[in-house]
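Asker: Next up, final19.cif (mmCIF, C-alpha atoms and all ligand atoms).
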data_input
#
loop_
_atom_site.group_PDB
_atom_site.id
_atom_site.type_symbol
_atom_site.label_atom_id
_atom_site.label_comp_id
_atom_site.auth_asym_id
_atom_site.auth_seq_id
_atom_site.Cartn_x
_atom_site.Cartn_y
_atom_site.Cartn_z
ATOM 1 C CA MET G 1 -34.934 -0.094 -17.202
ATOM 2 C CA LEU G 2 -34.996 -2.119 -20.432
ATOM 3 C CA ARG G 3 -38.429 -2.297 -22.050
ATOM 4 C CA ILE G 4 -38.857 -5.411 -24.188
ATOM 5 C CA HIS G 5 -41.892 -5.200 -26.456
ATOM 6 C CA GLY G 6 -43.393 -8.577 -27.285
ATOM 7 C CA ILE G 7 -44.549 -11.694 -25.491
ATOM 8 C CA PRO G 8 -42.499 -14.651 -24.228
ATOM 9 C CA ARG G 9 -44.095 -16.920 -26.874
ATOM 10 C CA SER G 10 -42.334 -14.970 -29.617
ATOM 11 C CA ARG G 11 -38.766 -14.013 -30.431
ATOM 12 C CA ALA G 12 -39.028 -11.644 -27.454
ATOM 13 C CA PHE G 13 -38.143 -14.786 -25.463
ATOM 14 C CA ARG G 14 -34.604 -14.388 -26.768
ATOM 15 C CA CYS G 15 -34.268 -10.893 -25.318
ATOM 16 C CA ILE G 16 -35.911 -11.854 -22.022
ATOM 17 C CA TRP G 17 -33.338 -14.630 -21.682
ATOM 18 C CA ALA G 18 -30.524 -12.170 -22.511
ATOM 19 C CA ALA G 19 -31.782 -9.649 -19.939
ATOM 20 C CA GLU G 20 -31.942 -12.437 -17.355
ATOM 21 C CA GLU G 21 -28.371 -13.525 -18.166
ATOM 22 C CA ALA G 22 -27.189 -9.919 -17.987
ATOM 23 C CA GLY G 23 -28.894 -9.413 -14.630
ATOM 24 C CA LEU G 24 -30.372 -6.142 -15.863
ATOM 25 C CA PRO G 25 -33.791 -4.878 -14.801
ATOM 26 C CA TYR G 26 -36.368 -5.149 -17.572
ATOM 27 C CA GLU G 27 -40.069 -5.075 -18.177
ATOM 28 C CA VAL G 28 -42.002 -6.885 -20.858
ATOM 29 C CA VAL G 29 -44.460 -4.610 -22.680
ATOM 30 C CA PRO G 30 -46.958 -7.170 -23.941
ATOM 31 C CA ILE G 31 -47.941 -7.190 -27.584
ATOM 32 C CA GLY G 32 -48.925 -10.492 -29.107
ATOM 33 C CA PHE G 33 -50.545 -11.966 -32.174
ATOM 34 C CA ALA G 34 -53.902 -11.764 -33.862
ATOM 35 C CA SER G 35 -54.497 -14.560 -36.349
ATOM 36 C CA GLY G 36 -51.889 -15.828 -38.797
ATOM 37 C CA PHE G 37 -48.852 -14.651 -36.818
ATOM 38 C CA LYS G 38 -49.729 -10.971 -37.455
ATOM 39 C CA LEU G 39 -49.414 -8.514 -34.578
ATOM 40 C CA GLU G 40 -52.594 -7.706 -32.677
ATOM 41 C CA ARG G 41 -51.882 -3.969 -33.036
ATOM 42 C CA PRO G 42 -49.237 -1.837 -34.767
ATOM 43 C CA LEU G 43 -45.900 -1.455 -32.998
ATOM 44 C CA ALA G 44 -44.878 2.041 -34.051
ATOM 45 C CA ILE G 45 -41.394 1.945 -32.503
ATOM 46 C CA ASN G 46 -40.333 -0.797 -34.951
ATOM 47 C CA PRO G 47 -40.540 0.324 -38.589
ATOM 48 C CA ASN G 48 -40.838 -3.364 -39.515
ATOM 49 C CA ASN G 49 -43.911 -3.674 -37.259
ATOM 50 C CA LYS G 50 -42.544 -6.848 -35.654
ATOM 51 C CA ILE G 51 -41.619 -8.053 -32.191
ATOM 52 C CA PRO G 52 -39.367 -7.884 -30.337
ATOM 53 C CA ALA G 53 -38.326 -4.261 -30.065
ATOM 54 C CA LEU G 54 -36.251 -2.796 -27.265
ATOM 55 C CA GLU G 55 -36.372 0.595 -25.585
ATOM 56 C CA ASP G 56 -33.302 1.438 -23.529
ATOM 57 C CA GLY G 57 -33.683 5.071 -22.579
ATOM 58 C CA ASP G 58 -33.605 7.031 -25.834
ATOM 59 C CA LEU G 59 -32.281 4.069 -27.800
ATOM 60 C CA VAL G 60 -34.792 1.977 -29.722
ATOM 61 C CA LEU G 61 -33.651 -1.231 -31.398
ATOM 62 C CA PHE G 62 -35.196 -3.959 -33.514
ATOM 63 C CA GLU G 63 -33.801 -7.396 -34.516
ATOM 64 C CA SER G 64 -33.760 -9.843 -31.618
ATOM 65 C CA LEU G 65 -30.128 -10.927 -31.981
ATOM 66 C CA ALA G 66 -28.886 -7.323 -32.290
ATOM 67 C CA ILE G 67 -30.918 -6.437 -29.200
ATOM 68 C CA ASN G 68 -29.168 -9.294 -27.425
ATOM 69 C CA LEU G 69 -25.728 -8.033 -28.445
ATOM 70 C CA HIS G 70 -26.661 -4.641 -27.011
ATOM 71 C CA ILE G 71 -27.900 -6.158 -23.747
ATOM 72 C CA ALA G 72 -24.758 -8.286 -23.448
ATOM 73 C CA LYS G 73 -22.523 -5.285 -24.138
ATOM 74 C CA LYS G 74 -24.106 -3.493 -21.211
ATOM 75 C CA ALA G 75 -23.286 -6.464 -18.982
ATOM 76 C CA GLY G 76 -19.719 -6.916 -20.287
ATOM 77 C CA ALA G 77 -17.632 -10.061 -19.841
ATOM 78 C CA PRO G 78 -18.127 -12.965 -19.659
ATOM 79 C CA LEU G 79 -21.480 -12.561 -21.466
ATOM 80 C CA MET G 80 -19.894 -10.157 -23.983
ATOM 81 C CA PRO G 81 -16.115 -10.589 -24.047
ATOM 82 C CA SER G 82 -13.775 -8.008 -25.576
ATOM 83 C CA GLY G 83 -11.068 -8.029 -28.241
ATOM 84 C CA ASP G 84 -10.909 -10.963 -30.627
ATOM 85 C CA ASP G 85 -13.560 -12.818 -28.662
ATOM 86 C CA GLU G 86 -16.036 -10.005 -29.330
ATOM 87 C CA SER G 87 -15.360 -10.558 -33.039
ATOM 88 C CA ARG G 88 -16.018 -14.276 -32.528
ATOM 89 C CA VAL G 89 -19.347 -13.408 -30.872
ATOM 90 C CA LEU G 90 -20.285 -11.358 -33.937
ATOM 91 C CA GLN G 91 -19.175 -14.176 -36.253
ATOM 92 C CA TRP G 92 -21.362 -16.765 -34.528
ATOM 93 C CA THR G 93 -24.305 -14.383 -34.259
ATOM 94 C CA LEU G 94 -24.173 -13.557 -37.965
ATOM 95 C CA TRP G 95 -23.776 -17.267 -38.738
ATOM 96 C CA THR G 96 -26.928 -17.881 -36.712
ATOM 97 C CA ALA G 97 -28.850 -15.192 -38.568
ATOM 98 C CA THR G 98 -27.645 -15.955 -42.081
ATOM 99 C CA GLU G 99 -26.848 -19.676 -42.090
ATOM 100 C CA VAL G 100 -29.185 -21.201 -39.528
ATOM 101 C CA GLU G 101 -32.443 -19.396 -38.797
ATOM 102 C CA ALA G 102 -34.048 -19.609 -42.254
ATOM 103 C CA HIS G 103 -33.619 -23.395 -42.290
ATOM 104 C CA VAL G 104 -35.019 -23.730 -38.762
ATOM 105 C CA LEU G 105 -38.083 -21.797 -39.916
ATOM 106 C CA ARG G 106 -38.468 -23.729 -43.184
ATOM 107 C CA TRP G 107 -38.532 -26.952 -41.187
ATOM 108 C CA GLY G 108 -40.695 -25.486 -38.404
ATOM 109 C CA TYR G 109 -43.363 -23.897 -40.587
ATOM 110 C CA ASN G 110 -43.822 -27.162 -42.433
ATOM 111 C CA THR G 111 -43.718 -29.365 -39.344
ATOM 112 C CA TYR G 112 -45.676 -27.711 -36.549
ATOM 113 C CA LEU G 113 -46.237 -23.961 -37.122
ATOM 114 C CA LYS G 114 -48.571 -23.862 -40.119
ATOM 115 C CA PRO G 115 -51.981 -25.525 -40.012
ATOM 116 C CA PRO G 116 -51.587 -29.177 -41.083
ATOM 117 C CA ALA G 117 -53.291 -28.654 -44.457
ATOM 118 C CA GLU G 118 -50.737 -25.983 -45.413
ATOM 119 C CA ARG G 119 -47.616 -27.961 -44.528
ATOM 120 C CA VAL G 120 -45.437 -29.179 -47.388
ATOM 121 C CA PRO G 121 -43.384 -32.245 -46.379
ATOM 122 C CA ALA G 122 -40.796 -31.630 -49.123
ATOM 123 C CA GLU G 123 -40.200 -28.151 -47.697
ATOM 124 C CA ALA G 124 -39.704 -29.600 -44.216
ATOM 125 C CA SER G 125 -37.206 -32.106 -45.621
ATOM 126 C CA ALA G 126 -35.307 -29.398 -47.512
ATOM 127 C CA GLY G 127 -35.114 -27.290 -44.353
ATOM 128 C CA LYS G 128 -33.864 -30.263 -42.362
ATOM 129 C CA GLU G 129 -31.280 -31.196 -44.965
ATOM 130 C CA ALA G 130 -29.854 -27.664 -44.988
ATOM 131 C CA LEU G 131 -29.967 -27.322 -41.201
ATOM 132 C CA ASP G 132 -28.251 -30.684 -40.717
ATOM 133 C CA LEU G 133 -25.278 -29.413 -42.769
ATOM 134 C CA ARG G 134 -24.907 -26.487 -40.324
ATOM 135 C CA LEU G 135 -25.426 -28.733 -37.313
ATOM 136 C CA ALA G 136 -22.570 -30.937 -38.557
ATOM 137 C CA VAL G 137 -20.322 -27.862 -38.537
ATOM 138 C CA LEU G 138 -21.503 -27.013 -35.025
ATOM 139 C CA GLU G 139 -20.955 -30.601 -33.873
ATOM 140 C CA GLY G 140 -17.337 -30.393 -35.061
ATOM 141 C CA GLU G 141 -16.714 -27.124 -33.224
ATOM 142 C CA LEU G 142 -18.336 -28.304 -30.002
ATOM 143 C CA ALA G 143 -16.084 -31.379 -30.049
ATOM 144 C CA LYS G 144 -13.207 -28.955 -29.366
ATOM 145 C CA ARG G 145 -14.707 -26.899 -26.521
ATOM 146 C CA PRO G 146 -17.876 -26.861 -24.392
ATOM 147 C CA PHE G 147 -19.181 -23.473 -25.598
ATOM 148 C CA LEU G 148 -18.795 -21.616 -28.885
ATOM 149 C CA LEU G 149 -15.864 -19.500 -27.740
ATOM 150 C CA GLY G 150 -14.300 -21.774 -25.162
ATOM 151 C CA GLU G 151 -14.963 -22.659 -21.535
ATOM 152 C CA ALA G 152 -17.409 -19.812 -20.862
ATOM 153 C CA PHE G 153 -21.011 -19.299 -21.984
ATOM 154 C CA THR G 154 -21.366 -16.064 -23.964
ATOM 155 C CA ILE G 155 -24.094 -14.222 -25.822
ATOM 156 C CA ALA G 156 -22.989 -16.143 -28.937
ATOM 157 C CA ASP G 157 -24.211 -19.357 -27.291
ATOM 158 C CA LEU G 158 -27.456 -17.692 -26.247
ATOM 159 C CA ASN G 159 -28.100 -16.291 -29.725
ATOM 160 C CA LEU G 160 -27.590 -19.642 -31.421
ATOM 161 C CA ALA G 161 -29.336 -21.716 -28.744
ATOM 162 C CA CYS G 162 -32.419 -19.488 -28.734
ATOM 163 C CA VAL G 163 -32.796 -19.920 -32.505
ATOM 164 C CA LEU G 164 -32.473 -23.711 -32.174
ATOM 165 C CA TYR G 165 -34.686 -23.813 -29.054
ATOM 166 C CA ALA G 166 -38.032 -24.228 -30.817
ATOM 167 C CA ALA G 167 -36.683 -26.949 -33.109
ATOM 168 C CA ARG G 168 -35.347 -28.830 -30.085
ATOM 169 C CA ALA G 169 -38.683 -28.404 -28.280
ATOM 170 C CA ASN G 170 -40.686 -29.564 -31.302
ATOM 171 C CA GLY G 171 -39.000 -32.849 -32.016
ATOM 172 C CA TYR G 172 -36.198 -31.994 -34.455
ATOM 173 C CA ASP G 173 -34.091 -35.149 -34.758
ATOM 174 C CA LEU G 174 -30.697 -34.290 -33.249
ATOM 175 C CA ALA G 175 -29.562 -37.893 -32.732
ATOM 176 C CA ARG G 176 -26.610 -37.467 -35.115
ATOM 177 C CA PHE G 177 -25.363 -34.479 -33.127
ATOM 178 C CA PRO G 178 -24.693 -35.509 -29.505
ATOM 179 C CA LYS G 179 -22.354 -32.593 -28.792
ATOM 180 C CA VAL G 180 -25.016 -30.179 -30.012
ATOM 181 C CA VAL G 181 -27.598 -31.850 -27.771
ATOM 182 C CA ALA G 182 -25.324 -31.626 -24.706
ATOM 183 C CA TRP G 183 -24.506 -27.988 -25.474
ATOM 184 C CA ILE G 184 -28.086 -26.833 -26.116
ATOM 185 C CA ASP G 185 -29.307 -28.621 -23.004
ATOM 186 C CA ALA G 186 -26.547 -26.962 -20.955
ATOM 187 C CA CYS G 187 -27.585 -23.573 -22.360
ATOM 188 C CA LEU G 188 -31.293 -24.120 -21.714
ATOM 189 C CA ASP G 189 -30.648 -25.407 -18.207
ATOM 190 C CA ARG G 190 -28.923 -22.248 -17.015
ATOM 191 C CA PRO G 191 -30.807 -20.458 -14.211
ATOM 192 C CA ALA G 192 -31.431 -17.410 -16.416
ATOM 193 C CA ALA G 193 -32.728 -19.601 -19.236
ATOM 194 C CA ARG G 194 -34.991 -21.443 -16.817
ATOM 195 C CA ARG G 195 -36.485 -18.144 -15.624
ATOM 196 C CA ALA G 196 -37.107 -17.022 -19.211
ATOM 197 C CA ARG G 197 -38.506 -20.431 -20.171
ATOM 198 C CA ALA G 198 -40.878 -20.354 -17.213
ATOM 199 C CA LEU G 199 -42.435 -17.197 -18.679
ATOM 200 C CA ARG G 200 -42.784 -18.865 -22.084
ATOM 201 C CA GLU G 201 -43.623 -22.443 -21.177
ATOM 202 C CA GLY G 202 -45.489 -21.898 -17.901
HETATM 203 N N1 LIG G 301 -35.591 -10.962 -37.683
HETATM 204 C C1 LIG G 301 -36.552 -10.463 -36.736
HETATM 205 C C2 LIG G 301 -37.855 -11.216 -36.926
HETATM 206 C C3 LIG G 301 -38.967 -10.633 -36.090
HETATM 207 C C4 LIG G 301 -40.274 -11.365 -36.332
HETATM 208 O O1 LIG G 301 -40.558 -11.863 -37.428
HETATM 209 N N2 LIG G 301 -41.099 -11.414 -35.274
HETATM 210 C C5 LIG G 301 -42.380 -12.037 -35.383
HETATM 211 C C6 LIG G 301 -42.785 -12.682 -34.062
HETATM 212 S S1 LIG G 301 -41.648 -13.867 -33.453
HETATM 213 C C7 LIG G 301 -43.421 -10.979 -35.683
HETATM 214 O O2 LIG G 301 -43.372 -9.894 -35.148
HETATM 215 N N3 LIG G 301 -44.412 -11.321 -36.505
HETATM 216 C C8 LIG G 301 -45.497 -10.440 -36.772
HETATM 217 C C9 LIG G 301 -45.623 -10.103 -38.223
HETATM 218 O O3 LIG G 301 -44.775 -10.530 -39.012
HETATM 219 O O4 LIG G 301 -46.603 -9.408 -38.552
HETATM 220 C C10 LIG G 301 -36.017 -10.614 -35.307
HETATM 221 O O5 LIG G 301 -35.238 -11.545 -35.068
HETATM 222 O O6 LIG G 301 -36.348 -9.796 -34.428
#
Go ahead and render the structure in this file as structure tokens.

Answerer:
Amino acid sequence: MLRIHGIPRSRAFRCIWAAEEAGLPYEVVPIGFASGFKLERPLAINPNNKIPALEDGDLVLFESLAINLHIAKKAGAPLMPSGDDESRVLQWTLWTATEVEAHVLRWGYNTYLKPPAERVPAEASAGKEALDLRLAVLEGELAKRPFLLGEAFTIADLNLACVLYAARANGYDLARFPKVVAWIDACLDRPAARRARALREG
């Protein structure tokens, strides 16, 4: 049984969605926030004291996207393909972590996450400008195939879509990127995504 520490209204959502896609049994061990996005109590199994963290038997992991790679590996193809496609999954996941997420957060903190008085519009604009450059790359790739690797949804799609999810849900202007919109909506409309979203949005 996978034990996902966190709450659906956190990055633990990503791992809940992955567990749902993998069809693996899991439980959510709830730990949420006090004020200011700090955890309500220490989470000793993660040396970073952040959520999510995963327990899978004796294995303990942190980093939501790495947890998702582990979950997908347990499920195998098509969620985690092998050979060169596994390398492509790693490429897109690292691209998500290093090229995309910081800009999503820069925009998000200064648009809807921080209290209004603390938001800096110039920071939101800078985040959007940088994210739009990456979305243009994504738009070009999704013009060639429906999912990141080809015809099939993989954990690479999940890892990127779950990072873009909150921006999509909070009014990020994607009008210039119709392929991205169609792709993210297809990802978020999957039965497993709907089950995970029901826990978060319900
Ligand atoms: N890169 C980490 C980030 C984890 C993270 O920042 N989690 C937030 C909640 S979504 C957290 O635990 N915040 C509490 C804190 O920073 O004290 C991941 O993807 O797992």

Asker: Closest to Glu55 in chain G among G:Leu149, G:Val28, G:Ala143, G:Ala156, using only C-alpha atoms?

Answerer: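 Ranked by minimum distance to Glu55 in chain G, first place goes to G:Val28.
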
Asker: Do you have the CA of Trp183 in chain G-CA of Leu158 in chain G distance handy?

Answerer: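 Atom-to-atom, CA of Trp183 in chain G to CA of Leu158 in chain G, that is 10.7 Å.
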
Asker: I'd like the residues picked by the PyMOL selection byres (((chain G and resi 52) around 8) and not hetatm) written out as a PyMOL selection string, using the chain letters and numbers from the file.

Answerer: chain G and resi 4-6+10-12+15+50-51+53-54+62-64

Asker: Go through the shown structure with the PyMOL selection byres (((chain G and resi 162) around 12) and not hetatm) and write out the matching residues as a tab-separated table (two decimals) with C-alpha atoms, in the coordinates of the input.

Answerer:
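Contents of the output file selection22.tsv:
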chain	number	residue	atom	x	y	z
G	10	SER	CA	-42.33	-14.97	-29.62
G	11	ARG	CA	-38.77	-14.01	-30.43
G	12	ALA	CA	-39.03	-11.64	-27.45
G	13	PHE	CA	-38.14	-14.79	-25.46
G	14	ARG	CA	-34.60	-14.39	-26.77
G	15	CYS	CA	-34.27	-10.89	-25.32
G	16	ILE	CA	-35.91	-11.85	-22.02
G	17	TRP	CA	-33.34	-14.63	-21.68
G	18	ALA	CA	-30.52	-12.17	-22.51
G	64	SER	CA	-33.76	-9.84	-31.62
G	65	LEU	CA	-30.13	-10.93	-31.98
G	68	ASN	CA	-29.17	-9.29	-27.42
G	93	THR	CA	-24.30	-14.38	-34.26
G	96	THR	CA	-26.93	-17.88	-36.71
G	97	ALA	CA	-28.85	-15.19	-38.57
G	100	VAL	CA	-29.18	-21.20	-39.53
G	101	GLU	CA	-32.44	-19.40	-38.80
G	104	VAL	CA	-35.02	-23.73	-38.76
G	155	ILE	CA	-24.09	-14.22	-25.82
G	156	ALA	CA	-22.99	-16.14	-28.94
G	157	ASP	CA	-24.21	-19.36	-27.29
G	158	LEU	CA	-27.46	-17.69	-26.25
G	159	ASN	CA	-28.10	-16.29	-29.72
G	160	LEU	CA	-27.59	-19.64	-31.42
G	161	ALA	CA	-29.34	-21.72	-28.74
G	163	VAL	CA	-32.80	-19.92	-32.51
G	164	LEU	CA	-32.47	-23.71	-32.17
G	165	TYR	CA	-34.69	-23.81	-29.05
G	166	ALA	CA	-38.03	-24.23	-30.82
G	167	ALA	CA	-36.68	-26.95	-33.11
G	168	ARG	CA	-35.35	-28.83	-30.08
G	169	ALA	CA	-38.68	-28.40	-28.28
G	184	ILE	CA	-28.09	-26.83	-26.12
G	185	ASP	CA	-29.31	-28.62	-23.00
G	187	CYS	CA	-27.58	-23.57	-22.36
G	188	LEU	CA	-31.29	-24.12	-21.71
G	193	ALA	CA	-32.73	-19.60	-19.24
G	196	ALA	CA	-37.11	-17.02	-19.21
G	197	ARG	CA	-38.51	-20.43	-20.17

Asker: Applied to the shown file, which residues does the PyMOL selection byres (((chain G and resi 27) around 8) and not hetatm) return, written as a PyMOL selection string?

Answerer: chain G and resi 1-4+25-26+28-29

Asker: Which one is closest to Asp56 in chain G: G:Leu24, G:Pro121, G:Leu39, G:Lys128? Count only C-alpha atoms.

Answerer: G:Leu24

Asker: How big is the axis-aligned box, and where does its centre sit, when it encloses all atoms of range 24-32 of chain G listed in the file and has 3 Å added on every side, reported in Å to one decimal as JSON?

Answerer:
{"center_x": -39.6, "center_y": -7.6, "center_z": -22.0, "size_x": 24.6, "size_y": 11.9, "size_z": 20.3}

Asker: Skip Gly171 in chain G itself and residues of its chain fewer than 6 positions away, then list as a list in words all residues within 10 Å of it, counting all atoms listed in the file.

Answerer: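 The filter keeps Gly108, Thr111 and Tyr112 of chain G.
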